[in-house]
Amino acid sequence: MILPSHLTVRNGRLAIGGHDTVELAKAYGTPLYVTDEDRIRENYRRLADALGGYYDRIQVLYAAKANGNLALFRIFADLNAGADVFSAGELSLALSAGMNPGLLLFNGSSKSAADLALAVEKGVRVSVDSLDELRQLNAAAEAAGKTVEIAFRVNPALEVPTHPKIATGLATSKFGIPAGQILDAYREALACSNIEPVGIHCHIGSQILEVEPFAREMEVVIDLARELSKMGVTLKFIDIGGGLGVPYHRETDHAPTPQDYADAVMPIFLAGIRDIGIQPELWVEPGRSLVADSTILLTRINSIKEAHKTFANVDAGFNLLVRPAMYDSYHTVVAANKADAPPEREYTIAGPICETGDLLAKDRMLPTLTAGDLIAVLDTGAYGFAMSSQYNSRPRSAEVIVRGSEATLMRRAESIDDLTAPMQRPAWQQ
């Protein structure tokens, strides 16, 4: 079993950031998400240092959709990061955490009139996804008597090696303006009374385990930056999005390091801007690579069932971690209270949701398990709690954060009262 450095085995038990997972489960109950703040800071520094070694005008924007807990926003604000936000909620959380509005980019292919008005009010740059949106944003800015700085999101029509549901730069994707139409979009933006185009934005997908697609993306963006400069657009930033993958299969996956990523994209970027004669900031939007391995999901075994295979039935399902059901994603599982015991039997880890597909892990060799044992699902910091639900009327779990010797809640567990609080009784049911 290969573990990242912040996960260790002590006295036969799995520990995260030095904290015994069995004791955390006793203190806070299960299911339970546990996040190591020091690991997030380490992941951030590795990326910032790799890119900053090439160029001093680097800005990291945390991809807030990966994990929207306010405690994480505060960590990134402390690191002087901005955020790629995809909703009014994410924008509000970023501002509440103390992030600089000038380091936020409001992204998305279907922003409402209220979204656009909020961006105008808060002075946040907008990644515009269509000409219709551009015209609505210009009208909102005019009504407020303000000018809004924008980028257009370009669709580069690049095939990338990832799950098709998270490949965002395909020609068939809903995101962005096709590269062949993008120059006309900037021409229209230049003619708008309350719009100032200052950047270009591109994002090709998520969980990409090769650096070559990012190099091709950079080539497309640099070519467009050259044409935009000729057109008279002053580019303050070039944003190449995120998408760097992580090794969910540590035994078999090869994931590029931040340095591998920097070595692939930065020479193309630097040669390009020198040739064009510009010095924009380079913006990147990592999410998964910063937070995925920082977090584990602890879940208690309710029962063991012998059927066509052996099921370990646990108290967390796809209501808390939907990735295995939605993407057939792999997550390493560890018997947290028997972490140094040898694997002896094959188990499928099954959740409590009334769906056949509610399986967190299939056919895994683990120590002999019994009811009451604790399972740790690794690498759940990205698109874990962020995609959770209350399906089957199950309250969502608590989230704990650890830092050094400290551990505390960063989100309390929901109760049945939380499920019913927003519900209203129709007058005819009184």
# chains A, B, ... in the order shown; residues from 1 in each chain; ligands from 1
$ residues_around --residues "segment 382-398 of chain A" --least-positions-apart "4" --cutoff "6 Å" --atoms "only C-alpha atoms" --output "list in words"
Pro31, Leu32, Ala66, Asn67, Arg288, Val291, Ala292, Asn319, Leu320, Leu321, Arg411, Arg412, Ala413, Glu414 and Ser415 of chain A
$ residues_around --residues "Ala27 of chain A" --least-positions-apart "4" --cutoff "12 Å" --atoms "only C-alpha atoms" --output "PyMOL selection string"
chain A and resi 19-23+31-32+398+400+407-409
$ write_last_selection --atoms "N, CA and C atoms" --output "compact mmCIF listing (two decimals), in the first residue's frame"
# COMPACT_ATOMS: atom_id res chain seq x y z
N HIS A 19 -2.85 12.57 13.19
CA HIS A 19 -4.05 12.34 14.00
C HIS A 19 -4.61 10.94 13.73
N ASP A 20 -4.82 10.20 14.79
CA ASP A 20 -5.35 8.84 14.73
C ASP A 20 -6.79 8.89 14.18
N THR A 21 -7.03 8.20 13.08
CA THR A 21 -8.36 8.25 12.46
C THR A 21 -9.41 7.56 13.32
N VAL A 22 -9.01 6.56 14.07
CA VAL A 22 -9.97 5.88 14.94
C VAL A 22 -10.45 6.84 16.03
N GLU A 23 -9.54 7.63 16.58
CA GLU A 23 -9.91 8.60 17.60
C GLU A 23 -10.75 9.73 17.01
N PRO A 31 -20.45 8.93 9.08
CA PRO A 31 -19.34 9.21 8.19
C PRO A 31 -18.68 10.54 8.56
N LEU A 32 -17.43 10.72 8.13
CA LEU A 32 -16.67 11.91 8.49
C LEU A 32 -15.60 12.20 7.44
N ALA A 398 -20.30 15.52 8.93
CA ALA A 398 -19.41 16.58 9.40
C ALA A 398 -18.13 16.57 8.57
N VAL A 400 -14.05 17.71 9.29
CA VAL A 400 -13.04 18.09 10.28
C VAL A 400 -11.78 18.52 9.54
N ALA A 407 -7.20 19.73 15.84
CA ALA A 407 -8.28 19.18 15.01
C ALA A 407 -9.57 19.86 15.44
N THR A 408 -10.38 20.25 14.44
CA THR A 408 -11.64 20.92 14.77
C THR A 408 -12.62 20.76 13.62
N LEU A 409 -13.89 20.99 13.93
CA LEU A 409 -14.91 20.98 12.88
C LEU A 409 -14.74 22.16 11.94
$ atom_distance --atom1 "atom CA of Ile150 of chain A" --atom2 "atom CA of Leu72 of chain A"
26.1 Å
$ residues_around --residues "Ile177 of chain A" --least-positions-apart "4" --cutoff "8 Å" --atoms "only C-alpha atoms" --output "tab-separated table (two decimals) with N, CA and C atoms, in the first residue's frame"
chain	number	residue	atom	x	y	z
A	129	ASP	N	-18.88	33.66	-21.93
A	129	ASP	CA	-18.98	32.38	-22.63
A	129	ASP	C	-19.80	32.45	-23.93
A	130	SER	N	-20.42	33.60	-24.20
A	130	SER	CA	-21.21	33.72	-25.42
A	130	SER	C	-21.41	35.20	-25.72
A	152	PHE	N	-12.74	36.31	-22.70
A	152	PHE	CA	-13.61	35.32	-23.31
A	152	PHE	C	-13.01	33.94	-23.06
A	153	ARG	N	-13.88	32.98	-22.82
A	153	ARG	CA	-13.41	31.60	-22.74
A	153	ARG	C	-13.42	31.00	-24.13
A	154	VAL	N	-12.26	30.57	-24.57
A	154	VAL	CA	-12.13	29.99	-25.90
A	154	VAL	C	-12.22	28.48	-25.81
A	155	ASN	N	-12.93	27.87	-26.74
A	155	ASN	CA	-12.97	26.42	-26.86
A	155	ASN	C	-11.93	26.02	-27.91
A	181	GLN	N	-14.26	31.57	-33.94
A	181	GLN	CA	-15.17	32.71	-33.76
A	181	GLN	C	-14.68	33.72	-32.73
A	182	ILE	N	-13.59	33.39	-32.06
A	182	ILE	CA	-13.21	34.18	-30.89
A	182	ILE	C	-12.76	35.59	-31.25
$ select_by_dssp --residues "segment 43-96 of chain A" --states "helix (DSSP H, G or I)" --output "number ranges by chain"
A: 43-52, 64-66, 70-78, 88-96
$ closest_residue --among "A:Thr147, A:Asn194, A:Gln207, A:Asn107" --to "Asp253 of chain A" --atoms "only C-alpha atoms"
A:Gln207
$ residues_around --residues "Asp340 of chain A" --least-positions-apart "4" --cutoff "9 Å" --atoms "only C-alpha atoms" --output "list in words"
Val9, Arg10, Asn11, Gly12, Arg13, Leu14, Ala335, Ala336 and Pro367 of chain A
$ closest_residue --among "A:Gln259, A:Val265, A:Val377, A:Leu369" --to "Arg216 of chain A" --atoms "only C-alpha atoms"
A:Val265
$ select_by_dssp --residues "segment 241-316 of chain A" --states "strand (DSSP E)" --output "number ranges by chain"
A: 281-284, 295-306, 310-314
$ closest_residue --among "A:Arg125, A:Arg187, A:Lys111, A:Lys362" --to "Ala151 of chain A" --atoms "only C-alpha atoms"
A:Arg125
$ atom_distance --atom1 "atom CA of Asp84 of chain A" --atom2 "atom CA of Ile195 of chain A"
19.9 Å
$ closest_residue --among "A:Gly18, A:Tyr347, A:Gly243, A:Ala25" --to "His308 of chain A" --atoms "only C-alpha atoms"
A:Tyr347
$ closest_residue --among "A:Thr8, A:Thr299, A:Asn313, A:Gln429" --to "Tyr28 of chain A" --atoms "only C-alpha atoms"
A:Thr299
$ residues_around --residues "Arg274 of chain A" --least-positions-apart "5" --cutoff "12 Å" --atoms "only C-alpha atoms" --output "CSV table (one decimal) with C-alpha atoms, in the first residue's frame"
chain,number,residue,atom,x,y,z
A,222,ILE,CA,-0.5,32.1,-27.5
A,225,ALA,CA,-2.9,36.3,-27.9
A,226,ARG,CA,-0.8,37.3,-30.9
A,267,PRO,CA,8.8,27.7,-22.2
A,268,ILE,CA,6.0,28.0,-24.8
A,269,PHE,CA,4.4,30.8,-22.8
A,279,GLN,CA,4.0,40.8,-20.3
A,280,PRO,CA,0.7,39.5,-19.0
$ atom_distance --atom1 "atom CA of Val334 of chain A" --atom2 "atom CA of His249 of chain A"
13.2 Å
$ residues_around --residues "Arg403 of chain A" --least-positions-apart "3" --cutoff "7 Å" --atoms "only C-alpha atoms" --output "ChimeraX atom specification"
/A:36-38,406-407
$ write_last_selection --atoms "N, CA and C atoms" --output "CSV table (one decimal), in the first residue's frame"
chain,number,residue,atom,x,y,z
A,36,ASP,N,-6.4,17.7,5.9
A,36,ASP,CA,-5.2,18.1,6.4
A,36,ASP,C,-4.8,19.4,5.8
A,37,GLU,N,-4.9,20.5,6.6
A,37,GLU,CA,-4.5,21.9,6.0
A,37,GLU,C,-3.1,21.9,5.6
A,38,ASP,N,-2.2,21.3,6.3
A,38,ASP,CA,-0.8,21.4,6.0
A,38,ASP,C,-0.5,20.8,4.6
A,406,GLU,N,-3.6,20.2,16.1
A,406,GLU,CA,-5.0,20.7,16.3
A,406,GLU,C,-6.0,20.0,15.4
A,407,ALA,N,-7.2,19.7,15.8
A,407,ALA,CA,-8.3,19.2,15.0
A,407,ALA,C,-9.6,19.9,15.4
$ residues_around --residues "Leu282 of chain A" --least-positions-apart "6" --cutoff "10 Å" --atoms "only C-alpha atoms" --output "PyMOL selection string"
chain A and resi 51+55-60+199+236-241+266+269
